[in-house]
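Below you'll find the structure, written out as structure tokens, and then a few comments.
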There are 2 protein chains.
Amino acid sequence: MMKSESTAIDVPESGTVSKGKASLMAAPRDGKKGIAIFDFILRIGALVSALAAAATMGTSDETLTFFNQFFQFQASYDDIPTFQFFVIAMAMVAGYLVLSLPFSMVSIVRPHAAGPRSLLLIFDTVTLALNTSAAAAAADIVYLAHNGNATTNWFAICLQFGDFCRKVSGAVVASFASAVAFMLLVVMSGLALRRN
Amino acid sequence: MMKSESTAIDVPESGTVSKGKASLMAAPRDGKKGIAIFDFILRIGALVSALAAAATMGTSDETLTFFNQFFQFQASYDDIPTFQFFVIAMAMVAGYLVLSLPFSMVSIVRPHAAGPRSLLLIFDTVTLALNTSAAAAAADIVYLAHNGNATTNWFAICLQFGDFCRKVSGAVVASFASAVAFMLLVVMSGLALRRN
């Protein structure tokens with residue numbers, strides 16, 4: 001693929017019309033390459049966010065000791081199923097991002113190859129949904145933990161477990177950052193496929 | 001646009017090379033048109049799901065009367081902020097879908113126009129994220145209402161408010177159906193842009 005393009009540029013314009021067209025098609029290549037490089041950088045940023053979210057949530061627990069060590073109350077992420085789902089989902093997102101890096105590199109080397117980009121578009125869309133649902137569900141529980149709900153008699157637990165709530169809130173913010181990165185990735189992949 | 005394509009088919013192949021190319025480009029048009037028609041049908045399906053979700057959640061309330069009418073307990077969607085967000089978000093999704101139908105029709109008439117498709121791709125991605133977050137957050141609260149959580153002393157309310165819980169669960173299922181439709185729409189728009 002690359003070889004035929006480079007020879008098409010060496011051939012003078014007066015060769016055949018179809019070859020002249022091929023070199024014209026290769027002209028806006030820098031834009032595609034730029035998108036591919038930005039895609040790669042964005043993936044690394046999303047990976048860092050997703051790992052930070054999973055790690056922060058996975059290490060969040062707080063033990064309150066009253067009077068002596070026999071009266072303890074403990075809050076940990078694995079007491080709440082939503083937070084367990086969050087850790088698993090964000091770890092899956094991070095794993096997918098690592099696996100997607102080679103395909104993103106192929107897009108940098110061959111900016112006009114539609115195969116890797118289409119594959120990335122499909123899986124990015126699925127991972128966007130996974131990431132968003134984990135982030136939204138965890139944000140919901142964090143809101144409840146901060147504010148409680150009077151109608152259902154669910155009380156705010158952040159008054160007692162302040163450090164736990166702060167860690168969990170940080171993890172949710174990191175996961176929303178990686179969700180925004182995925183939205184950019186999906187739109188960029190779609191627009192880069194546009195004139196291929 | 002349409003006019004020039006139809007004349008290009010009438011002109012014999014021996015005309016000019018560029019016109020011959022144009023008619024060749026128009027050859028795989030049926031596949032694109034099929035995708036555009038499926039896109040339109042999927043949008044109508046998603047619209048029905050989103051409206052059903054918003055309406056079901058919006059009309060969900062249950063009043064329990066004990067002894068006489070002076071001892072009442074009421075559960076309604078607007079007691080829980082997440083469900084309020086759900087109604088607003090799903091109404092926005094339905095409104096966006098109505099507005100997107102004309103653009104989808106333009107894609108049916110002109111399957112090779114990249115503009116409407118790119119626009120739909122960008123807004124579909126954003127709406128996918130909105131829809132997924134509303135569905136995930138509401139599903140989270142529905143899970144809590146069904147099961148409660150022992151660590152945080154949040155009790156299950158579905159034992160008392162059974163009808164309320166059933167309506168709310170139905171709304172969440174409908175919103176997940178429209179989220180799946182959006183995932184298909186995004187991937188289809190991206191792949192339809194592929195060789196434009």
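Residues in the structure tokens are numbered from 1 in each chain, the chains being A, B, ... in the order shown, and ligands are numbered from 1 in the order shown.
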- Which chain A residues are at most 7 Å from chain B (counting only C-alpha atoms), as a list in words? Asp79, Ser118, Leu121, Ile122, Thr125, Ala129, Thr132, Ser133, Ala136, Ala137, Asp140, Thr151, Thr152, Trp154, Ile157, Met183, Val187, Gly190, Leu191, Leu193, Arg194, Arg195 and Asn196 of chain A
Go ahead and write the selection's residues with N, CA and C atoms as an mmCIF file, in the first residue's frame.
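Output (again_33.cif):
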```
data_model
loop_
_atom_site.group_PDB
_atom_site.id
_atom_site.type_symbol
_atom_site.label_atom_id
_atom_site.label_comp_id
_atom_site.auth_asym_id
_atom_site.auth_seq_id
_atom_site.Cartn_x
_atom_site.Cartn_y
_atom_site.Cartn_z
ATOM 1 N N ASP A 79 -18.211 -3.464 49.810
ATOM 2 C CA ASP A 79 -19.503 -3.561 50.497
ATOM 3 C C ASP A 79 -20.640 -3.120 49.590
ATOM 4 N N SER A 118 -11.948 1.064 11.583
ATOM 5 C CA SER A 118 -13.318 0.568 11.738
ATOM 6 C C SER A 118 -13.421 -0.309 12.977
ATOM 7 N N LEU A 121 -13.367 1.866 15.960
ATOM 8 C CA LEU A 121 -14.635 2.586 16.117
ATOM 9 C C LEU A 121 -15.677 1.714 16.811
ATOM 10 N N ILE A 122 -15.801 0.448 16.361
ATOM 11 C CA ILE A 122 -16.812 -0.447 16.931
ATOM 12 C C ILE A 122 -16.528 -0.695 18.410
ATOM 13 N N THR A 125 -16.953 2.349 20.714
ATOM 14 C CA THR A 125 -18.347 2.666 21.025
ATOM 15 C C THR A 125 -18.857 1.797 22.169
ATOM 16 N N ALA A 129 -19.842 2.996 26.143
ATOM 17 C CA ALA A 129 -21.073 2.688 26.892
ATOM 18 C C ALA A 129 -20.741 2.058 28.244
ATOM 19 N N THR A 132 -19.223 4.822 30.529
ATOM 20 C CA THR A 132 -20.228 5.796 30.958
ATOM 21 C C THR A 132 -21.162 5.195 31.993
ATOM 22 N N SER A 133 -21.562 3.924 31.776
ATOM 23 C CA SER A 133 -22.510 3.336 32.728
ATOM 24 C C SER A 133 -21.850 3.139 34.085
ATOM 25 N N ALA A 136 -21.587 6.666 35.683
ATOM 26 C CA ALA A 136 -22.869 7.229 36.102
ATOM 27 C C ALA A 136 -23.410 6.502 37.326
ATOM 28 N N ALA A 137 -23.294 5.165 37.334
ATOM 29 C CA ALA A 137 -23.809 4.407 38.470
ATOM 30 C C ALA A 137 -23.050 4.761 39.745
ATOM 31 N N ASP A 140 -23.922 8.186 41.009
ATOM 32 C CA ASP A 140 -25.221 8.130 41.653
ATOM 33 C C ASP A 140 -25.109 7.727 43.120
ATOM 34 N N THR A 151 -37.120 10.503 51.482
ATOM 35 C CA THR A 151 -38.313 9.704 51.197
ATOM 36 C C THR A 151 -38.075 8.227 51.462
ATOM 37 N N THR A 152 -36.917 7.742 51.038
ATOM 38 C CA THR A 152 -36.646 6.315 51.158
ATOM 39 C C THR A 152 -35.897 5.974 52.443
ATOM 40 N N TRP A 154 -32.856 6.722 53.255
ATOM 41 C CA TRP A 154 -31.454 6.372 53.069
ATOM 42 C C TRP A 154 -30.631 7.557 53.576
ATOM 43 N N ILE A 157 -23.888 8.778 54.391
ATOM 44 C CA ILE A 157 -22.852 8.111 55.184
ATOM 45 C C ILE A 157 -21.542 8.876 55.161
ATOM 46 N N MET A 183 -15.485 9.606 24.013
ATOM 47 C CA MET A 183 -16.381 10.299 23.083
ATOM 48 C C MET A 183 -15.573 10.949 21.973
ATOM 49 N N VAL A 187 -15.767 9.986 17.826
ATOM 50 C CA VAL A 187 -16.059 10.988 16.800
ATOM 51 C C VAL A 187 -14.875 11.126 15.843
ATOM 52 N N GLY A 190 -14.690 8.186 13.438
ATOM 53 C CA GLY A 190 -15.726 8.294 12.411
ATOM 54 C C GLY A 190 -15.360 9.321 11.360
ATOM 55 N N LEU A 191 -14.868 10.491 11.796
ATOM 56 C CA LEU A 191 -14.549 11.539 10.829
ATOM 57 C C LEU A 191 -13.291 11.196 10.028
ATOM 58 N N LEU A 193 -12.557 8.245 9.036
ATOM 59 C CA LEU A 193 -12.965 7.276 8.012
ATOM 60 C C LEU A 193 -13.609 7.970 6.820
ATOM 61 N N ARG A 194 -13.933 9.255 7.000
ATOM 62 C CA ARG A 194 -14.815 9.948 6.073
ATOM 63 C C ARG A 194 -14.367 9.893 4.616
ATOM 64 N N ARG A 195 -13.133 10.263 4.340
ATOM 65 C CA ARG A 195 -12.718 10.274 2.940
ATOM 66 C C ARG A 195 -11.489 9.413 2.797
ATOM 67 N N ASN A 196 -11.751 8.117 2.792
ATOM 68 C CA ASN A 196 -10.629 7.176 2.868
ATOM 69 C C ASN A 196 -10.405 6.530 1.508
#
```
- Query: Distance atom CA of Asp78 of chain B-atom CA of Phe164 of chain B, one decimal place?
  - Reply: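 The value is 12.2 Å.
The spacing separating atom CA of Ser49 of chain B from atom CA of Ala181 of chain B amounts to 9.4 Å.
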- Mind checking which residues fall within 8 Å of segment 53-67 of chain A, counting only C-alpha atoms, ignoring those fewer than 2 positions away in the same chain, and posting them as an MDAnalysis selection string? chainID A and resid 49:51 69:77 83 86:88 90:91 161 163:164 167:168 170:175
- Which of segment 9-182 of chain B fall in alpha helix (DSSP H), as JSON, numbers by chain: {"B": [9, 10, 17, 18, 19, 20, 21, 22, 23, 24, 25, 29, 30, 31, 32, 33, 34, 35, 36, 37, 38, 39, 40, 41, 42, 43, 44, 45, 46, 47, 48, 49, 50, 51, 52, 53, 54, 55, 56, 57, 58, 81, 82, 83, 84, 85, 86, 87, 88, 89, 90, 91, 92, 93, 94, 95, 96, 97, 98, 99, 100, 101, 102, 103, 104, 105, 106, 107, 108, 109, 114, 115, 116, 117, 118, 119, 120, 121, 122, 123, 124, 125, 126, 127, 128, 129, 130, 131, 132, 133, 134, 135, 136, 137, 138, 139, 140, 141, 142, 143, 144, 145, 146, 147, 162, 163, 164, 165, 166, 167, 168, 169, 170, 171, 172, 173, 174, 175, 176, 177, 178, 179, 180, 181, 182]}
- Message: Residues near Lys33 of chain B, anyone? I mean within 10 Å using only C-alpha atoms, not counting same-chain ones fewer than 5 positions away, as a ChimeraX atom specification.
- Response: /B:28,38-39,107-112,192
Taking C-alpha atoms for each residue, export the selection above as a CSV table (one decimal), in the first residue's frame.
```csv
chain,number,residue,atom,x,y,z
B,28,PRO,CA,-22.4,0.3,-4.6
B,38,PHE,CA,-32.1,0.9,8.5
B,39,ASP,CA,-30.8,4.0,10.3
B,107,SER,CA,-29.1,10.4,4.1
B,108,ILE,CA,-31.7,8.2,2.4
B,109,VAL,CA,-32.2,10.5,-0.5
B,110,ARG,CA,-28.4,11.3,-0.8
B,111,PRO,CA,-26.6,8.2,0.5
B,112,HIS,CA,-23.2,9.6,-0.4
B,192,ALA,CA,-21.2,4.3,6.2
```
- Query: Could you write out, as a PyMOL selection string, all the residues of segment 26-183 of chain B that DSSP marks as strand (DSSP E)?
  - Reply: chain B and resi 61-66+71-76
- Message: To one decimal place in Å, what is the distance between atom CA of Pro116 of chain A and atom CA of Val93 of chain A?
- Response: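 Separation between atom CA of Pro116 of chain A and atom CA of Val93 of chain A: 18.4 Å.
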- Query: Any idea what's packed within 12 Å of Leu99 of chain A, counting only C-alpha atoms, ignoring anything in its chain fewer than 3 positions away? Could you give it as a list in words?
  - Reply: Arg43, Ile44, Leu47, Met92, Val93, Ala94, Gly95, Tyr96, Pro102, Phe103, Ser104, Met105, Leu120, Phe123 and Asp124 of chain A
Output file for the selection above: N, CA and C atoms, as a PDB file, in the first residue's frame:
```
ATOM      1  N   ARG A  43      -5.554   8.070  23.739  1.00  0.00           N
ATOM      2  CA  ARG A  43      -5.691   6.735  24.304  1.00  0.00           C
ATOM      3  C   ARG A  43      -4.820   6.568  25.547  1.00  0.00           C
ATOM      4  N   ILE A  44      -3.594   7.112  25.490  1.00  0.00           N
ATOM      5  CA  ILE A  44      -2.711   7.000  26.655  1.00  0.00           C
ATOM      6  C   ILE A  44      -3.288   7.804  27.824  1.00  0.00           C
ATOM      7  N   LEU A  47      -6.105   5.873  29.242  1.00  0.00           N
ATOM      8  CA  LEU A  47      -5.580   4.732  29.997  1.00  0.00           C
ATOM      9  C   LEU A  47      -5.160   5.147  31.397  1.00  0.00           C
ATOM     10  N   MET A  92     -11.515  -3.331  32.981  1.00  0.00           N
ATOM     11  CA  MET A  92     -11.737  -3.814  31.612  1.00  0.00           C
ATOM     12  C   MET A  92     -11.453  -2.714  30.601  1.00  0.00           C
ATOM     13  N   VAL A  93     -11.890  -1.485  30.906  1.00  0.00           N
ATOM     14  CA  VAL A  93     -11.638  -0.360  29.999  1.00  0.00           C
ATOM     15  C   VAL A  93     -10.136  -0.158  29.825  1.00  0.00           C
ATOM     16  N   ALA A  94      -9.393  -0.209  30.956  1.00  0.00           N
ATOM     17  CA  ALA A  94      -7.938  -0.020  30.880  1.00  0.00           C
ATOM     18  C   ALA A  94      -7.306  -1.148  30.065  1.00  0.00           C
ATOM     19  N   GLY A  95      -7.770  -2.381  30.281  1.00  0.00           N
ATOM     20  CA  GLY A  95      -7.234  -3.508  29.516  1.00  0.00           C
ATOM     21  C   GLY A  95      -7.498  -3.359  28.033  1.00  0.00           C
ATOM     22  N   TYR A  96      -8.723  -2.927  27.685  1.00  0.00           N
ATOM     23  CA  TYR A  96      -9.039  -2.707  26.273  1.00  0.00           C
ATOM     24  C   TYR A  96      -8.140  -1.640  25.672  1.00  0.00           C
ATOM     25  N   PRO A 102      -1.721  -0.988  19.866  1.00  0.00           N
ATOM     26  CA  PRO A 102      -1.083  -1.412  18.616  1.00  0.00           C
ATOM     27  C   PRO A 102      -1.896  -1.027  17.377  1.00  0.00           C
ATOM     28  N   PHE A 103      -3.239  -1.138  17.451  1.00  0.00           N
ATOM     29  CA  PHE A 103      -4.067  -0.783  16.300  1.00  0.00           C
ATOM     30  C   PHE A 103      -3.977   0.711  16.014  1.00  0.00           C
ATOM     31  N   SER A 104      -3.889   1.502  17.101  1.00  0.00           N
ATOM     32  CA  SER A 104      -3.732   2.939  16.924  1.00  0.00           C
ATOM     33  C   SER A 104      -2.389   3.245  16.264  1.00  0.00           C
ATOM     34  N   MET A 105      -1.340   2.483  16.629  1.00  0.00           N
ATOM     35  CA  MET A 105      -0.028   2.678  15.998  1.00  0.00           C
ATOM     36  C   MET A 105      -0.078   2.333  14.516  1.00  0.00           C
ATOM     37  N   LEU A 120     -11.484  -0.180  15.631  1.00  0.00           N
ATOM     38  CA  LEU A 120     -11.388   0.689  16.806  1.00  0.00           C
ATOM     39  C   LEU A 120     -12.706   1.412  17.041  1.00  0.00           C
ATOM     40  N   PHE A 123     -15.282  -1.057  18.735  1.00  0.00           N
ATOM     41  CA  PHE A 123     -14.973  -1.392  20.126  1.00  0.00           C
ATOM     42  C   PHE A 123     -14.936  -0.152  21.013  1.00  0.00           C
ATOM     43  N   ASP A 124     -14.530   0.988  20.450  1.00  0.00           N
ATOM     44  CA  ASP A 124     -14.564   2.229  21.231  1.00  0.00           C
ATOM     45  C   ASP A 124     -15.992   2.571  21.635  1.00  0.00           C
TER      46      ASP A 124
END
```
